[in-house]
Amino acid sequence: MKLTKRKSKIKDILNKSNIKKDKSYDMKEAISILKEMPKLKFKDLESFDISIRLGIDATKSDQIIRSSTILPHGNGKKIKVAVFADGADEKDALEAGADKVGMKNLSDEIKSGTINYDVIIARLDAMKYISALGPILGPRGLMPNVKTGTLTSNIKKSVLNVKNGQISYKTEKNGIIHCAIAKINFEYIKIKENLEKLLSDIKKLKPATSKGIFIKKIVISTTMGPGICIKKESLKF
């Protein structure tokens, strides 16, 4: 099968850098190589995406990891936030930067199929609206949850956290966590510090029933680009 110009260039860069699929590389070296890759013509900049393979049995509910991390430098994405709240909390949410706040009106908007938000936060007493939206929000990963800080009694803090770089994640069926930690134009030190904070937070979540090595493999890639395995020794977490 004939390679496209972009894939041919990627292959040439990997061969020139002597990058192998079964080897791990220093974080700085990996970032340097990925920044050389041919860029995609996106409206927004490409991201640096992380895949972390954990030593868990994802079929066991007590080993599923679901949480959130506030990246010290954010991930470069402009997050649109909708909040289920009213009264004083509505004012706090708007002051914190929420893009839409409401109760029944927000619920009706979502039921109509209009979902232009990246994160949905809800006050605890808004569950009468949220529970009915499960079939819509659940498959999109937008269902408010206590573990990710999106179902909360402190609306202002939650909105500020999301706007200031909080990302949410959950292990997939193979025990892998995927998330974006930076944009392609981030300085190396910011990418490294974001990844180290994420890994540090995940490390603290190791289930008591998980035995052996918890963080098994770390792979970094650009959007729709090749992945490079990172040496854990080149990171502090």
# chains A, B, ... in the order shown; residues from 1 in each chain; ligands from 1

$ residues_around --residues "Thr150 (chain A)" --least-positions-apart "3" --cutoff "10 Å" --atoms "only C-alpha atoms" --output "PyMOL selection string"
chain A and resi 68+83+119-124+142-147+153-155+158-159+161-162+168

$ closest_atom_pairs --of "region 87-190 of chain A" --to "region 197-214 of chain A" --cutoff "10 Å" --atoms "only C-alpha atoms" --output "JSON lines"
{"residue": "A:Ile167", "atom": "CA", "partner": "A:Leu198", "partner_atom": "CA", "distance": 9.2}
{"residue": "A:Tyr169", "atom": "CA", "partner": "A:Ile202", "partner_atom": "CA", "distance": 9.8}
{"residue": "A:Ile177", "atom": "CA", "partner": "A:Ile202", "partner_atom": "CA", "distance": 9.7}
{"residue": "A:Cys179", "atom": "CA", "partner": "A:Leu198", "partner_atom": "CA", "distance": 9.8}
{"residue": "A:Ile181", "atom": "CA", "partner": "A:Leu198", "partner_atom": "CA", "distance": 8.5}

$ select_by_dssp --residues "region 49-97 of chain A" --states "alpha helix (DSSP H)" --output "list in words"
Gly87, Ala88, Asp89, Glu90, Lys91, Asp92, Ala93, Leu94, Glu95 and Ala96 of chain A

$ residues_around --residues "Glu187 (chain A)" --least-positions-apart "5" --cutoff "12 Å" --atoms "only C-alpha atoms" --output "list in words"
Lys28, Ile31, Ser32, Lys35, Phe48, His73, Asn75, Gly76, Ala182, Lys192, Glu193 and Asn194 of chain A

$ residues_around --residues "region 95-102 of chain A" --least-positions-apart "4" --cutoff "12 Å" --atoms "only C-alpha atoms" --output "MDAnalysis selection string"
chainID A and resid 78:91 106:110 115:123 126 129:130 154:164

$ write_last_selection --atoms "N, CA and C atoms" --output "short mmCIF file (atom, residue, chain, number, x, y, z; two decimals), in the first residue's frame"
data_model
loop_
_atom_site.label_atom_id
_atom_site.label_comp_id
_atom_site.auth_asym_id
_atom_site.auth_seq_id
_atom_site.Cartn_x
_atom_site.Cartn_y
_atom_site.Cartn_z
N LYS A 78 -9.27 25.58 25.01
CA LYS A 78 -10.28 26.47 25.58
C LYS A 78 -11.51 25.63 25.90
N ILE A 79 -11.83 25.55 27.18
CA ILE A 79 -12.91 24.68 27.64
C ILE A 79 -14.22 25.44 27.79
N LYS A 80 -15.27 24.91 27.19
CA LYS A 80 -16.61 25.49 27.34
C LYS A 80 -17.32 24.71 28.44
N VAL A 81 -17.79 25.45 29.45
CA VAL A 81 -18.38 24.83 30.64
C VAL A 81 -19.84 25.23 30.81
N ALA A 82 -20.69 24.23 31.03
CA ALA A 82 -22.10 24.47 31.37
C ALA A 82 -22.31 24.03 32.81
N VAL A 83 -23.12 24.78 33.55
CA VAL A 83 -23.31 24.50 34.97
C VAL A 83 -24.79 24.43 35.33
N PHE A 84 -25.15 23.38 36.03
CA PHE A 84 -26.51 23.26 36.57
C PHE A 84 -26.52 23.89 37.96
N ALA A 85 -27.01 25.11 38.04
CA ALA A 85 -27.08 25.84 39.31
C ALA A 85 -28.01 27.02 39.15
N ASP A 86 -28.42 27.60 40.28
CA ASP A 86 -29.22 28.82 40.25
C ASP A 86 -28.89 29.64 41.49
N GLY A 87 -29.55 30.77 41.65
CA GLY A 87 -29.33 31.62 42.82
C GLY A 87 -27.91 32.14 42.92
N ALA A 88 -27.35 32.11 44.13
CA ALA A 88 -26.00 32.62 44.36
C ALA A 88 -24.96 31.80 43.59
N ASP A 89 -25.21 30.50 43.44
CA ASP A 89 -24.26 29.65 42.71
C ASP A 89 -24.22 30.01 41.23
N GLU A 90 -25.33 30.47 40.70
CA GLU A 90 -25.35 30.90 39.29
C GLU A 90 -24.43 32.10 39.10
N LYS A 91 -24.50 33.04 40.02
CA LYS A 91 -23.64 34.23 39.96
C LYS A 91 -22.16 33.83 40.09
N LEU A 106 -31.36 24.69 30.90
CA LEU A 106 -30.17 24.00 30.44
C LEU A 106 -30.48 22.53 30.12
N SER A 107 -31.33 21.94 30.95
CA SER A 107 -31.75 20.57 30.72
C SER A 107 -32.51 20.45 29.40
N ASP A 108 -33.42 21.39 29.14
CA ASP A 108 -34.19 21.37 27.89
C ASP A 108 -33.28 21.56 26.67
N GLU A 109 -32.26 22.40 26.83
CA GLU A 109 -31.31 22.63 25.73
C GLU A 109 -30.58 21.35 25.37
N ILE A 110 -30.15 20.63 26.40
CA ILE A 110 -29.41 19.39 26.16
C ILE A 110 -30.33 18.32 25.57
N ILE A 115 -25.49 20.29 22.37
CA ILE A 115 -24.46 20.12 23.40
C ILE A 115 -23.16 20.72 22.88
N ASN A 116 -22.95 21.98 23.18
CA ASN A 116 -21.74 22.67 22.72
C ASN A 116 -20.77 22.92 23.87
N TYR A 117 -20.67 21.94 24.77
CA TYR A 117 -19.84 22.11 25.96
C TYR A 117 -18.84 20.96 26.10
N ASP A 118 -17.69 21.28 26.67
CA ASP A 118 -16.66 20.26 26.90
C ASP A 118 -16.79 19.62 28.27
N VAL A 119 -17.33 20.38 29.22
CA VAL A 119 -17.50 19.89 30.59
C VAL A 119 -18.84 20.38 31.12
N ILE A 120 -19.52 19.51 31.86
CA ILE A 120 -20.77 19.90 32.51
C ILE A 120 -20.62 19.68 34.01
N ILE A 121 -20.86 20.74 34.76
CA ILE A 121 -20.76 20.72 36.22
C ILE A 121 -22.15 20.87 36.80
N ALA A 122 -22.41 20.19 37.91
CA ALA A 122 -23.74 20.28 38.52
C ALA A 122 -23.66 20.37 40.03
N ARG A 123 -24.57 21.12 40.59
CA ARG A 123 -24.71 21.17 42.04
C ARG A 123 -25.38 19.87 42.49
N ALA A 126 -29.04 19.14 41.86
CA ALA A 126 -29.52 19.21 40.48
C ALA A 126 -29.69 17.83 39.86
N TYR A 129 -32.49 16.80 37.48
CA TYR A 129 -32.36 17.15 36.07
C TYR A 129 -31.31 16.27 35.40
N ILE A 130 -30.19 16.07 36.10
CA ILE A 130 -29.05 15.33 35.54
C ILE A 130 -29.38 13.87 35.28
N ASN A 154 -19.40 23.00 45.75
CA ASN A 154 -18.61 24.22 45.58
C ASN A 154 -18.49 24.53 44.09
N ILE A 155 -19.51 25.16 43.55
CA ILE A 155 -19.60 25.43 42.12
C ILE A 155 -18.46 26.33 41.63
N LYS A 156 -18.19 27.38 42.35
CA LYS A 156 -17.18 28.35 41.92
C LYS A 156 -15.81 27.68 41.79
N LYS A 157 -15.43 26.90 42.79
CA LYS A 157 -14.14 26.22 42.77
C LYS A 157 -14.05 25.25 41.61
N SER A 158 -15.12 24.52 41.36
CA SER A 158 -15.12 23.54 40.27
C SER A 158 -14.97 24.19 38.91
N VAL A 159 -15.67 25.29 38.70
CA VAL A 159 -15.56 26.00 37.41
C VAL A 159 -14.15 26.55 37.24
N LEU A 160 -13.60 27.15 38.29
CA LEU A 160 -12.24 27.69 38.22
C LEU A 160 -11.22 26.59 37.92
N ASN A 161 -11.40 25.42 38.56
CA ASN A 161 -10.47 24.31 38.33
C ASN A 161 -10.48 23.89 36.86
N VAL A 162 -11.67 23.74 36.29
CA VAL A 162 -11.78 23.33 34.89
C VAL A 162 -11.19 24.38 33.96
N LYS A 163 -11.50 25.63 34.22
CA LYS A 163 -11.00 26.71 33.37
C LYS A 163 -9.47 26.87 33.50
N ASN A 164 -8.92 26.46 34.64
CA ASN A 164 -7.49 26.62 34.88
C ASN A 164 -6.66 25.37 34.57
#

$ select_by_dssp --residues "region 85-161 of chain A" --states "strand (DSSP E or B)" --output "list in words"
Lys100, Val101, Gly102, Val119, Ile120, Ile121, Ala122, Arg123, Leu151 and Thr152 of chain A

$ closest_residue --among "A:Ser234, A:Gly138, A:Ile191, A:Ile184" --to "Leu34 (chain A)" --atoms "only C-alpha atoms"
A:Ile184

$ closest_residue --among "A:Leu137, A:Lys190, A:Pro72, A:Arg53" --to "Lys173 (chain A)" --atoms "only C-alpha atoms"
A:Arg53

$ atom_distance --atom1 "CA of Met103 (chain A)" --atom2 "CA of Leu133 (chain A)"
12.2 Å

$ residues_around --residues "Lys231 (chain A)" --least-positions-apart "4" --cutoff "9 Å" --atoms "only C-alpha atoms" --output "PDB file with C-alpha atoms, in the first residue's frame"
ATOM      1  CA  LYS A  23      12.129   0.582  22.949  1.00  0.00           C
ATOM      2  CA  SER A  24      11.653   3.440  25.431  1.00  0.00           C
ATOM      3  CA  TYR A  25      13.211   6.881  25.087  1.00  0.00           C
ATOM      4  CA  ASP A  26      14.101   9.881  27.202  1.00  0.00           C
ATOM      5  CA  MET A  27      11.205  12.338  27.519  1.00  0.00           C
ATOM      6  CA  LYS A 217       3.906   1.968  30.114  1.00  0.00           C
ATOM      7  CA  ILE A 218       3.764   5.634  29.057  1.00  0.00           C
ATOM      8  CA  LEU A 235      10.335  11.633  34.742  1.00  0.00           C
TER       9      LEU A 235
END

$ atom_distance --atom1 "CA of Phe237 (chain A)" --atom2 "CA of Arg66 (chain A)"
18.7 Å

$ atom_distance --atom1 "CA of Ile228 (chain A)" --atom2 "CA of Lys21 (chain A)"
7.3 Å

$ residues_around --residues "Asp49 (chain A)" --least-positions-apart "6" --cutoff "7 Å" --atoms "only C-alpha atoms" --output "VMD selection string"
chain A and resid 179 to 181 220 to 223
